[in-house]
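Chemist: Supplied structure: protein00.cif, mmCIF, C-alpha atoms (C1' of nucleotides).
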```
data_protein
#
loop_
_atom_site.label_atom_id
_atom_site.label_comp_id
_atom_site.auth_asym_id
_atom_site.auth_seq_id
_atom_site.Cartn_x
_atom_site.Cartn_y
_atom_site.Cartn_z
CA MET A 1 -11.00 24.19 25.39
CA LEU A 2 -14.69 24.31 24.76
CA PHE A 3 -14.57 24.33 20.99
CA SER A 4 -12.05 23.10 18.49
CA THR A 5 -11.03 24.72 15.25
CA ARG A 6 -14.01 23.03 13.65
CA ALA A 7 -16.23 25.67 15.17
CA GLU A 8 -13.75 28.43 14.51
CA TYR A 9 -13.27 27.62 10.84
CA GLY A 10 -16.90 26.78 10.32
CA VAL A 11 -18.07 30.08 11.74
CA ARG A 12 -15.53 31.96 9.64
CA LEU A 13 -16.92 30.13 6.63
CA MET A 14 -20.46 31.08 7.49
CA VAL A 15 -19.48 34.71 7.96
CA GLU A 16 -17.80 34.71 4.60
CA LEU A 17 -20.94 33.36 2.97
CA GLY A 18 -22.98 35.90 4.87
CA ARG A 19 -20.96 38.73 3.40
CA GLN A 20 -21.85 37.56 -0.09
CA GLU A 21 -25.50 37.09 0.67
CA GLY A 22 -27.70 37.42 -2.39
CA GLY A 23 -24.87 37.16 -4.89
CA THR A 24 -23.64 34.21 -6.87
CA PRO A 25 -22.63 31.05 -5.04
CA VAL A 26 -19.24 31.21 -3.39
CA ALA A 27 -16.74 28.49 -4.21
CA LEU A 28 -15.04 26.79 -1.29
CA SER A 29 -11.66 27.45 -2.81
CA ALA A 30 -12.37 31.16 -2.66
CA VAL A 31 -13.17 30.97 1.04
CA ALA A 32 -10.13 28.82 1.70
CA GLU A 33 -7.92 31.36 0.04
CA SER A 34 -9.35 34.49 1.60
CA GLU A 35 -9.42 32.99 5.07
CA ARG A 36 -6.20 31.04 4.55
CA LEU A 37 -7.70 27.75 5.63
CA PRO A 38 -6.95 24.28 4.26
CA LEU A 39 -9.44 23.52 1.51
CA SER A 40 -9.77 19.81 2.14
CA TYR A 41 -10.55 20.43 5.77
CA LEU A 42 -13.18 22.99 4.89
CA GLU A 43 -14.88 20.40 2.73
CA HIS A 44 -15.54 18.30 5.79
CA LEU A 45 -16.92 21.20 7.74
CA VAL A 46 -19.16 22.51 5.02
CA ALA A 47 -20.62 19.04 4.64
CA LYS A 48 -21.84 19.18 8.22
CA LEU A 49 -23.33 22.59 7.65
CA ARG A 50 -25.09 21.41 4.54
CA ARG A 51 -26.57 18.38 6.27
CA ALA A 52 -27.92 20.74 8.90
CA GLY A 53 -29.55 22.83 6.21
CA LEU A 54 -27.50 25.88 7.09
CA VAL A 55 -26.02 26.18 3.62
CA ASP A 56 -27.23 25.26 0.16
CA SER A 57 -24.87 23.92 -2.42
CA GLN A 58 -24.83 24.43 -6.14
CA ARG A 59 -22.86 21.89 -8.12
CA GLY A 60 -21.10 22.18 -11.42
CA ALA A 61 -19.14 24.98 -13.01
CA HIS A 62 -19.60 28.33 -11.28
CA GLY A 63 -21.19 26.47 -8.42
CA GLY A 64 -20.52 26.98 -4.76
CA TYR A 65 -22.28 27.60 -1.47
CA ARG A 66 -24.92 29.98 -0.26
CA LEU A 67 -26.61 30.49 3.05
CA GLY A 68 -29.55 28.19 3.59
CA ARG A 69 -31.64 31.07 4.93
CA PRO A 70 -31.21 34.77 5.75
CA ALA A 71 -28.30 35.54 8.05
CA ASP A 72 -30.50 37.18 10.65
CA GLU A 73 -32.48 33.99 11.01
CA ILE A 74 -29.42 31.88 11.76
CA GLN A 75 -28.60 31.47 15.43
CA MET A 76 -24.97 30.70 16.10
CA LEU A 77 -26.11 27.91 18.37
CA ASP A 78 -27.31 26.03 15.31
CA VAL A 79 -24.04 26.59 13.53
CA VAL A 80 -21.86 25.49 16.41
CA GLN A 81 -24.00 22.47 17.17
CA ALA A 82 -23.89 21.38 13.55
CA LEU A 83 -20.12 21.58 13.63
CA GLU A 84 -19.26 20.33 17.09
CA GLY A 85 -22.20 18.14 17.94
CA THR A 86 -24.02 18.50 21.22
CA ILE A 87 -22.62 21.21 23.44
CA ALA A 88 -21.69 19.88 26.83
CA PRO A 89 -19.26 21.34 29.33
CA MET A 90 -18.29 17.91 30.58
CA GLU A 91 -17.86 14.38 29.34
CA CYS A 92 -20.43 12.78 31.64
CA PHE A 93 -23.06 15.19 30.54
CA HIS A 94 -25.60 14.47 27.85
CA PRO A 95 -29.14 15.71 27.49
CA ASP A 96 -31.69 12.94 27.29
CA PRO A 97 -34.45 13.09 24.68
CA GLU A 98 -36.66 15.20 26.92
CA GLY A 99 -34.02 17.88 27.21
CA LYS A 100 -33.13 17.23 30.81
CA VAL A 101 -29.50 16.63 31.48
CA SER A 102 -28.29 13.49 33.11
CA CYS A 103 -24.90 12.63 34.50
CA SER A 104 -23.42 9.19 34.16
CA HIS A 105 -22.25 9.17 37.78
CA GLU A 106 -25.77 9.46 39.08
CA SER A 107 -26.48 5.81 38.58
CA ASP A 108 -23.90 5.06 41.24
CA GLY A 109 -26.77 4.70 43.62
CA ASP A 110 -25.61 7.06 46.31
CA HIS A 111 -26.07 10.77 45.72
CA ALA A 112 -26.50 12.95 42.66
CA CYS A 113 -23.27 14.67 41.77
CA ALA A 114 -23.13 18.14 43.16
CA THR A 115 -21.24 19.09 40.07
CA LYS A 116 -24.40 18.69 38.05
CA LEU A 117 -25.71 21.96 39.39
CA LEU A 118 -22.56 23.73 38.36
CA TRP A 119 -22.26 22.29 34.87
CA THR A 120 -25.90 22.94 34.20
CA ARG A 121 -25.40 26.60 34.92
CA VAL A 122 -22.31 26.73 32.75
CA GLN A 123 -24.09 25.07 29.89
CA GLY A 124 -26.94 27.50 30.26
CA GLY A 125 -24.54 30.39 29.98
CA VAL A 126 -22.95 29.02 26.85
CA THR A 127 -26.23 28.17 25.18
CA LYS A 128 -27.65 31.55 25.96
CA ALA A 129 -24.65 33.33 24.49
CA LEU A 130 -24.76 31.25 21.34
CA SER A 131 -28.47 31.38 20.70
CA GLY A 132 -28.53 35.09 21.42
CA THR A 133 -26.11 35.83 18.62
CA THR A 134 -27.12 35.71 14.97
CA LEU A 135 -24.92 35.28 11.96
CA ALA A 136 -26.05 38.69 10.78
CA GLU A 137 -24.42 40.28 13.81
CA LEU A 138 -21.12 38.62 13.07
CA VAL A 139 -21.26 39.63 9.43
CA GLU A 140 -21.85 43.21 10.40
CA PHE A 141 -19.05 43.08 12.96
CA SER A 142 -16.76 41.62 10.37
CA ASP A 143 -17.58 44.28 7.79
CA GLN A 144 -16.88 47.05 10.25
CA HIS A 145 -13.47 45.74 11.13
CA ALA A 146 -12.41 44.80 7.62
CA PRO A 147 -10.72 47.70 5.81
CA ALA A 148 -10.67 45.88 2.47
CA PRO A 149 -7.97 43.18 2.45
CA GLY A 150 -5.45 44.22 -0.17
CA GLN A 151 -6.83 47.21 -2.09
CA ALA A 152 -7.93 50.59 -0.86
CA ALA A 153 -11.00 50.88 1.34
CA ALA A 154 -14.12 51.08 -0.77
CA THR A 155 -16.99 50.44 1.64
CA ALA A 156 -15.87 52.84 4.35
CA ALA A 157 -15.91 56.66 4.20
CA MET B 1 -15.84 19.41 25.82
CA LEU B 2 -15.19 22.51 27.84
CA PHE B 3 -13.74 20.86 30.93
CA SER B 4 -11.99 17.59 31.49
CA THR B 5 -12.34 15.26 34.43
CA ARG B 6 -9.79 17.38 36.24
CA ALA B 7 -12.48 19.92 36.93
CA GLU B 8 -15.08 17.26 37.65
CA TYR B 9 -12.96 15.36 40.15
CA GLY B 10 -11.49 18.49 41.64
CA VAL B 11 -14.89 20.00 42.29
CA ARG B 12 -16.13 16.76 43.80
CA LEU B 13 -13.12 16.83 46.08
CA MET B 14 -13.84 20.37 47.15
CA VAL B 15 -17.46 19.53 47.86
CA GLU B 16 -16.37 16.60 49.97
CA LEU B 17 -14.08 18.86 51.98
CA GLY B 18 -16.85 21.39 52.26
CA ARG B 19 -19.13 18.82 53.84
CA GLN B 20 -16.57 18.23 56.57
CA GLU B 21 -15.94 21.90 57.19
CA GLY B 22 -14.77 22.60 60.70
CA GLY B 23 -13.89 19.01 61.53
CA THR B 24 -10.57 17.25 61.50
CA PRO B 25 -8.54 17.20 58.28
CA VAL B 26 -9.81 14.75 55.66
CA ALA B 27 -7.34 12.27 54.24
CA LEU B 28 -7.23 12.02 50.47
CA SER B 29 -7.70 8.28 50.66
CA ALA B 30 -11.05 8.83 52.36
CA VAL B 31 -12.20 11.11 49.57
CA ALA B 32 -10.92 8.70 46.94
CA GLU B 33 -12.89 5.90 48.49
CA SER B 34 -16.16 7.71 49.03
CA GLU B 35 -16.13 9.26 45.58
CA ARG B 36 -14.60 6.18 43.97
CA LEU B 37 -11.84 8.12 42.33
CA PRO B 38 -8.24 7.03 41.73
CA LEU B 39 -6.14 8.22 44.65
CA SER B 40 -2.95 8.87 42.75
CA TYR B 41 -4.79 11.04 40.30
CA LEU B 42 -6.43 13.02 43.07
CA GLU B 43 -3.02 13.76 44.49
CA HIS B 44 -2.18 15.72 41.38
CA LEU B 45 -5.41 17.65 41.45
CA VAL B 46 -5.26 18.55 45.11
CA ALA B 47 -1.75 19.85 44.56
CA LYS B 48 -3.11 22.44 42.16
CA LEU B 49 -5.79 23.42 44.63
CA ARG B 50 -3.23 23.77 47.38
CA ARG B 51 -0.96 25.96 45.29
CA ALA B 52 -3.97 28.18 44.63
CA GLY B 53 -4.59 28.46 48.36
CA LEU B 54 -8.00 26.84 48.10
CA VAL B 55 -7.09 24.03 50.48
CA ASP B 56 -4.70 23.72 53.42
CA SER B 57 -2.75 20.57 54.02
CA GLN B 58 -1.62 18.89 57.19
CA ARG B 59 1.14 16.33 56.84
CA GLY B 60 1.88 13.26 58.86
CA ALA B 61 -0.37 10.79 60.61
CA HIS B 62 -3.93 12.00 61.04
CA GLY B 63 -3.17 14.68 58.51
CA GLY B 64 -5.23 15.55 55.50
CA TYR B 65 -6.86 18.47 53.78
CA ARG B 66 -9.13 21.29 54.84
CA LEU B 67 -10.71 24.18 52.99
CA GLY B 68 -8.44 27.18 52.75
CA ARG B 69 -11.33 29.50 53.63
CA PRO B 70 -15.07 29.29 54.30
CA ALA B 71 -17.08 27.55 51.60
CA ASP B 72 -19.29 30.55 50.97
CA GLU B 73 -16.26 32.65 50.14
CA ILE B 74 -15.05 30.28 47.47
CA GLN B 75 -16.21 31.05 43.95
CA MET B 76 -16.26 28.05 41.66
CA LEU B 77 -14.46 30.15 39.09
CA ASP B 78 -11.39 30.06 41.31
CA VAL B 79 -11.64 26.31 41.72
CA VAL B 80 -12.06 25.55 38.06
CA GLN B 81 -9.34 27.96 37.01
CA ALA B 82 -6.94 26.41 39.49
CA LEU B 83 -7.65 23.00 38.04
CA GLU B 84 -7.96 23.68 34.34
CA GLY B 85 -5.92 26.83 33.90
CA THR B 86 -7.28 29.83 32.06
CA ILE B 87 -10.79 29.35 30.78
CA ALA B 88 -11.03 29.95 27.07
CA PRO B 89 -13.63 28.69 24.65
CA MET B 90 -11.11 28.49 21.84
CA GLU B 91 -7.47 27.76 21.24
CA CYS B 92 -6.56 31.13 19.71
CA PHE B 93 -8.03 32.96 22.64
CA HIS B 94 -6.04 34.22 25.57
CA PRO B 95 -6.61 37.21 27.78
CA ASP B 96 -3.72 39.62 27.86
CA PRO B 97 -2.50 41.11 31.15
CA GLU B 98 -5.07 43.90 31.02
CA GLY B 99 -7.93 41.43 30.81
CA LYS B 100 -8.83 42.13 27.21
CA VAL B 101 -8.95 39.10 24.98
CA SER B 102 -6.86 38.82 21.89
CA CYS B 103 -7.00 36.37 19.06
CA SER B 104 -3.92 35.04 17.37
CA HIS B 105 -5.45 35.43 13.94
CA GLU B 106 -5.79 39.15 14.34
CA SER B 107 -2.16 39.76 13.57
CA ASP B 108 -2.85 38.55 10.05
CA GLY B 109 -3.06 42.16 9.10
CA ASP B 110 -6.39 42.09 7.33
CA HIS B 111 -9.48 42.05 9.49
CA ALA B 112 -10.26 41.09 13.08
CA CYS B 113 -11.90 37.71 13.24
CA ALA B 114 -15.63 38.01 13.44
CA THR B 115 -15.54 34.97 15.67
CA LYS B 116 -13.98 37.06 18.40
CA LEU B 117 -17.31 38.66 19.14
CA LEU B 118 -18.92 35.27 19.49
CA TRP B 119 -16.28 33.63 21.66
CA THR B 120 -16.12 36.67 23.88
CA ARG B 121 -19.81 36.33 24.61
CA VAL B 122 -19.48 32.63 25.26
CA GLN B 123 -16.61 33.14 27.61
CA GLY B 124 -18.61 35.79 29.40
CA GLY B 125 -21.43 33.36 29.90
CA VAL B 126 -19.17 30.70 31.31
CA THR B 127 -17.33 33.04 33.61
CA LYS B 128 -20.54 34.51 34.91
CA ALA B 129 -21.97 31.09 35.69
CA LEU B 130 -18.82 29.99 37.47
CA SER B 131 -18.22 33.10 39.50
CA GLY B 132 -21.86 33.30 40.47
CA THR B 133 -21.76 29.90 42.13
CA THR B 134 -20.10 29.33 45.48
CA LEU B 135 -18.82 26.11 46.93
CA ALA B 136 -21.32 26.50 49.75
CA GLU B 137 -24.18 26.20 47.26
CA LEU B 138 -22.81 22.96 45.89
CA VAL B 139 -22.29 21.55 49.36
CA GLU B 140 -25.87 22.33 50.26
CA PHE B 141 -27.13 20.85 47.01
CA SER B 142 -25.09 17.76 47.64
CA ASP B 143 -26.41 17.33 51.17
CA GLN B 144 -29.99 17.59 50.00
CA HIS B 145 -29.59 14.90 47.41
CA ALA B 146 -27.51 12.53 49.52
CA PRO B 147 -29.63 10.10 51.55
CA ALA B 148 -26.64 8.96 53.60
CA PRO B 149 -24.50 6.56 51.56
CA GLY B 150 -24.71 3.26 53.38
CA GLN B 151 -26.28 3.82 56.82
CA ALA B 152 -29.60 5.38 57.74
CA ALA B 153 -30.13 9.09 57.27
CA ALA B 154 -28.83 11.02 60.23
CA THR B 155 -28.70 14.67 59.18
CA ALA B 156 -32.16 14.83 57.64
CA ALA B 157 -35.20 14.83 59.90
"C1'" DC C 1 14.13 6.27 68.01
"C1'" DC C 2 11.43 3.92 64.89
"C1'" DT C 3 7.32 2.91 62.70
"C1'" DT C 4 3.39 4.33 60.40
"C1'" DA C 5 0.25 7.37 58.09
"C1'" DT C 6 -0.05 10.98 55.17
"C1'" DC C 7 1.24 14.61 52.00
"C1'" DG C 8 4.42 16.16 47.78
"C1'" DG C 9 6.03 15.84 43.43
"C1'" DG C 10 8.25 14.04 39.55
"C1'" DA C 11 8.77 10.40 35.82
"C1'" DC C 12 6.43 7.65 33.00
"C1'" DC C 13 2.91 5.72 29.83
"C1'" DA C 14 -1.45 4.16 26.99
"C1'" DT C 15 -5.25 5.86 24.71
"C1'" DC C 16 -7.87 8.80 21.91
"C1'" DA C 17 -9.67 13.04 19.88
"C1'" DC C 18 -8.07 16.61 17.04
"C1'" DG C 19 -6.48 18.72 12.94
"C1'" DG C 20 -5.27 17.77 8.63
"C1'" DT C 21 -4.13 15.27 4.06
"C1'" DC C 22 -5.02 12.40 0.17
"C1'" DT C 23 -7.58 9.78 -3.08
"C1'" DG C 24 -11.31 8.80 -5.70
"C1'" DG C 25 -15.56 9.46 -6.89
"C1'" DT C 26 -20.25 11.91 -8.39
"C1'" DA C 27 -23.09 15.48 -10.07
"C1'" DC C 28 -23.90 19.45 -12.65
"C1'" DT C 29 -22.91 23.52 -16.33
"C1'" DT C 30 -21.21 25.10 -20.23
"C1'" DA D 1 -17.35 15.90 -23.31
"C1'" DA D 2 -14.88 18.31 -20.49
"C1'" DG D 3 -14.19 20.91 -16.74
"C1'" DT D 4 -15.56 22.51 -12.34
"C1'" DA D 5 -16.90 21.77 -7.88
"C1'" DC D 6 -19.08 19.03 -4.40
"C1'" DC D 7 -19.00 14.54 -1.61
"C1'" DA D 8 -17.26 10.58 1.05
"C1'" DG D 9 -14.13 7.97 3.15
"C1'" DA D 10 -9.56 6.14 4.54
"C1'" DC D 11 -5.59 7.47 6.64
"C1'" DC D 12 -2.18 9.52 9.94
"C1'" DG D 13 0.99 12.52 13.16
"C1'" DT D 14 0.72 15.10 17.32
"C1'" DG D 15 -0.50 16.29 21.76
"C1'" DA D 16 -3.54 16.46 25.73
"C1'" DT D 17 -5.84 13.52 28.80
"C1'" DG D 18 -6.24 10.29 32.35
"C1'" DG D 19 -3.85 7.49 35.08
"C1'" DT D 20 0.03 4.69 37.48
"C1'" DC D 21 4.25 4.22 40.05
"C1'" DC D 22 7.81 5.41 42.94
"C1'" DC D 23 10.37 7.79 46.25
"C1'" DG D 24 11.07 11.56 49.43
"C1'" DA D 25 9.53 14.75 53.26
"C1'" DT D 26 6.95 15.23 57.62
"C1'" DA D 27 4.55 14.60 61.51
"C1'" DA D 28 2.18 11.74 65.19
"C1'" DG D 29 2.45 7.92 68.34
"C1'" DG D 30 4.38 4.14 70.78
#
```
Spit out the file's structure as structure tokens when you get a sec.
Modeler:
Amino acid sequence: MLFSTRAEYGVRLMVELGRQEGGTPVALSAVAESERLPLSYLEHLVAKLRRAGLVDSQRGAHGGYRLGRPADEIQMLDVVQALEGTIAPMECFHPDPEGKVSCSHESDGDHACATKLLWTRVQGGVTKALSGTTLAELVEFSDQHAPAPGQAAATAA
Amino acid sequence: MLFSTRAEYGVRLMVELGRQEGGTPVALSAVAESERLPLSYLEHLVAKLRRAGLVDSQRGAHGGYRLGRPADEIQMLDVVQALEGTIAPMECFHPDPEGKVSCSHESDGDHACATKLLWTRVQGGVTKALSGTTLAELVEFSDQHAPAPGQAAATAA
DNA sequence: CCTTATCGGGACCATCACGGTCTGGTACTT
DNA sequence: AAGTACCAGACCGTGATGGTCCCGATAAGG
């Protein structure tokens, strides 16, 4: 598996915040309930998002979370990286400071791993998909496919 | 991490076989030694490759493994899938028989997860990268960057 | 035939990340 | 001051991963 539930839950959280863009801050407990996710786990995830500047928090009564910037300026690559750390298709695969990837096996002295070529391409594909998708797109997608949870449909028609 | 060492080792094994294409069968122990991989672990991996028809085996003395078909007809998607199973970026994400992906959360009744759109794109990127790379490419890449392990270079001019 | 080299496959196991909980703060609003 | 909500960390059960070990089947060679 490429991503764990961290990314899944975290993205769901971001989408939820995106749907309330411009309104009052959204409490975590509200998100936990509507998405049926464990609250205490969400707290960990939202902390990562906050440290990455992707959400702003408002403490105190009637506090909650808000997007750190407009949804259409948030690439999903940022979100996923904040949640999961560096994206790498393989253990022995970490970008050095300059951005080039290096594989731990290469220092073996003999030849560069042939696999490097493959994993580089895979990583490129993933990164491209993630950076090419904005939170705004997901919010829109979500709104289209959400016929109002419990009550009658209000937005549609 | 998207892939485990299964894929890494397995691909290395395939590349090694690809470099000996046309010759006598290669014993696993030879591969294990030249790639410095645990033999008993390789045995498990090669079994998966054999069941997928990607390698042929020859038992008995002077036996070993050979590619099941020409290297340029082997997509790395086949190799990786044989080793790792179905490729999915996320736990709750499995293609149904028709090829469409479905998410376990969708049966919740309310709305389709917005994340589905994202993971679908990611998976597309990965699949495209893997199926667009052939074993022959990796073998060539490997030969270029391999200045003959211990002895002097023989293949290069 | 018997030995040896090699594949074939199952049982077994240690480690570690993952997913999740719990507890106790700390800051802010009313 | 009291309540609400964020924040940080310790803690833990489960399961996949990565790997070993052993024994059986098979084929070549002497």
Chemist: Run the PyMOL selection byres ((chain C) within 8 of (chain B)) on the file and write out the hits as a PyMOL selection string.
Modeler: chain C and resi 4-8
Chemist: May I have the residues from that selection written out with C-alpha atoms (C1' of nucleotides), as a PDB file, in the coordinates of the input?
Modeler:
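The resulting file, result21.pdb, is reproduced below:
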```pdb
ATOM      1  C1'  DT C   4       3.390   4.330  60.400  1.00  0.00           C
ATOM      2  C1'  DA C   5       0.250   7.370  58.090  1.00  0.00           C
ATOM      3  C1'  DT C   6      -0.050  10.980  55.170  1.00  0.00           C
ATOM      4  C1'  DC C   7       1.240  14.610  52.000  1.00  0.00           C
ATOM      5  C1'  DG C   8       4.420  16.160  47.780  1.00  0.00           C
TER       6       DG C   8
END
```
Chemist: Please, what distance in Å, to one decimal, runs between atom CA of Ser142 of chain A and atom CA of Ala129 of chain B?
Modeler: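 Distance between the two atoms: 27.9 Å.
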Chemist: Go through D:DA16, D:DC23, D:DA28, D:DC6 one by one, measure the shortest atom-to-atom distance of each to chain B using all atoms listed in the file, and give the residue with the smallest value.
Modeler: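 Smallest distance to chain B is found for D:DA28.
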Chemist: What are the closest atom pairs, with distances in Å to one decimal, for all residues of chain A lying within 8 Å of chain B? Consider all atoms listed in the file, order rows by chain and residue number, and present the result as CSV.
Modeler:
```
residue,atom,partner,partner_atom,distance
A:Met1,CA,B:Leu2,CA,5.1
A:Leu2,CA,B:Leu2,CA,3.6
A:Phe3,CA,B:Met90,CA,5.5
A:Ser4,CA,B:Met90,CA,6.4
A:Thr5,CA,B:Met90,CA,7.6
A:Glu8,CA,B:Thr115,CA,6.9
A:Val11,CA,B:Thr115,CA,6.8
A:Arg12,CA,B:Thr115,CA,6.7
A:Val15,CA,B:Ala114,CA,7.5
A:Ile87,CA,B:Met1,CA,7.4
A:Ala88,CA,B:Met1,CA,6.0
A:Pro89,CA,B:Leu2,CA,4.5
A:Met90,CA,B:Phe3,CA,5.4
A:Glu91,CA,B:Met1,CA,6.5
A:Asp110,CA,B:Pro149,CA,5.4
A:His111,CA,B:Ala146,CA,4.4
A:Ala112,CA,B:His145,CA,6.0
A:Cys113,CA,B:Ser142,CA,6.9
A:Ala114,CA,B:Ser142,CA,4.9
A:Thr115,CA,B:Arg12,CA,6.7
A:Leu117,CA,B:Leu138,CA,7.2
A:Leu118,CA,B:Thr133,CA,7.3
A:Arg121,CA,B:Ala129,CA,5.7
A:Val122,CA,B:Val126,CA,5.3
A:Gln123,CA,B:Val126,CA,7.6
A:Gly125,CA,B:Gly125,CA,4.3
A:Val126,CA,B:Val122,CA,5.3
A:Lys128,CA,B:Gly125,CA,7.6
A:Ala129,CA,B:Val122,CA,5.3
A:Leu130,CA,B:Val122,CA,6.7
A:Thr133,CA,B:Leu118,CA,7.3
A:Leu138,CA,B:Ala114,CA,5.5
A:Val139,CA,B:Ala114,CA,7.1
A:Phe141,CA,B:Ala114,CA,6.1
A:Ser142,CA,B:Ala114,CA,4.9
A:His145,CA,B:His111,CA,5.7
A:Ala146,CA,B:His111,CA,4.4
A:Pro147,CA,B:His111,CA,6.9
A:Ala148,CA,B:Asp110,CA,7.5
A:Pro149,CA,B:Asp110,CA,5.2
A:Gly150,CA,B:Asp110,CA,7.9
```
Chemist: Report, in Å to a single decimal, how far apart atom C1' of DC7 of chain D and atom CA of Leu39 of chain A are.
Modeler: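 Pair atom CA of Leu39 of chain A / atom C1' of DC7 of chain D returns 13.5 Å.
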Chemist: To one decimal place, how far is atom CA of Gly68 of chain A from atom CA of Leu49 of chain A in Å?
Modeler: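 Atom-to-atom, atom CA of Gly68 of chain A to atom CA of Leu49 of chain A, that is 9.3 Å.
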Chemist: Using only C-alpha atoms (C1' of nucleotides), which chain D residues lie at most 10 Å away from chain B, written as a list in words?
Modeler: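 That gives the following set of residues: DT17, DG18, DG19, DT20, DC21, DA25, DT26, DA27, DA28 and DG29 of chain D.
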Chemist: Exactly which residues make up the result of the PyMOL selection byres ((chain B and resi 70) around 9) on this file, given as a PyMOL selection string?
Modeler: chain B and resi 18+21+67-69+71-74+135-136
